[in-house]
Amino acid sequence: MKILIVEDENKTAAYISKGLSENGFSVDIAQDGQDGLFVASQQYYDLIILDVLLPKLDGWSILKGVRAIKPDLRILFLTACADIEDKVKGLELGADDYLVKPFAFSELLARVRSLLRRGVVQLQDHLSIVDLDIDLTKHKVLRGVTRIDLTPKEFSLLVFMAQHQGEVLSRTLIAERVWDINFDSDTNVVDVAIRRLRQKIDDGFEKKLIHTMRGIGYVLEER
């Protein structure tokens with residue numbers, strides 16, 4: 001899952017980023033308010049960790065801006081503003097949680113996980129379509145009674161497509177969400193990965209699940 005940290009203190013941002021990365025999260029950092037709002041509006045994130053006192057644009061303004069365009073995006077304030085009035089203001093403006101500095105990373109991690117579990121997709125242990133079953137906790141994939149062995153990256157790709165089954169996913173979006181890299185438009189890394197995944201998921205089975213939308217991207221669905 002992808003998290004944006006908007007924090008102008010380099011040491012704090014690096015500390016949080018390292019801890020979250022070690023726990024399996026993909027992390028980006030913005031060091032001022034204007035950059036934070038721009039990045040949050042242009043890219044996909046599952047959660048934003050947001051300071052209040054920031055250069056160029058404060059956290060309150062970022063929260064309002066993000067909520068206007070992405071009302072469901074989870075936002076956690078992490079700030080030295082410890083007054084009750086500040087906490088109330090943050091929550092009333094639409095923040096999902098409010099944690100005061102100094103903080104214990106274990107508590108921050110617990111709050112992040114709690115917020116992310118609120119999504120329906122994250123509560124699922126299994127994803128399925130037709131006879132394809134994906135066990136998210138055991139990283140196990142079955143097509144009927146046949147076990148499908150996938151690499152970690154292939155598994156992440158399949159899970160992402162299954163979470164958005166029926167939706168046409170562009171190559172750019174797949175690259176960003178699965179590889180956490182904005183690939184150049186002429187790269188074929190996504191096409192190669194899809195081809196390998198399709199060989200494992202569809203080859204040898206009557207009903208094909210991974211389909212190409214020419215000039216757009218790919219979709220996982222029953223046809």
# chains A, B, ... in the order shown; residues from 1 in each chain; ligands from 1

call {"tool": "select_by_dssp", "arguments": {"residues": "stretch 17-213 of chain A", "states": "strand (DSSP E or B)", "output": "VMD selection string"}}
result
chain A and resid 26 to 30 47 to 50 74 to 79 97 to 100 126 to 129 132 to 135 140 to 143 146 to 148 169 to 170 210 to 213

call {"tool": "residues_around", "arguments": {"residues": "A:Leu91", "least_positions_apart": "4", "cutoff": "10 Å", "atoms": "only C-alpha atoms", "output": "ChimeraX atom specification"}}
result
/A:75-77,86-87,95-98

call {"tool": "select_by_dssp", "arguments": {"residues": "stretch 18-51 of chain A", "states": "alpha helix (DSSP H)", "output": "PyMOL selection string"}}
result
chain A and resi 18-22+33-42

call {"tool": "residues_around", "arguments": {"residues": "stretch 202-206 of chain A", "least_positions_apart": "4", "cutoff": "12 Å", "atoms": "only C-alpha atoms", "output": "list in words"}}
result
Val130, Asp131, Leu132, Leu142, Arg143, Gly144, Val145, Thr146, Ile148, Ile194, Arg195, Arg196, Leu197, Arg198, Ile210, His211, Leu220, Glu221, Glu222 and Arg223 of chain A
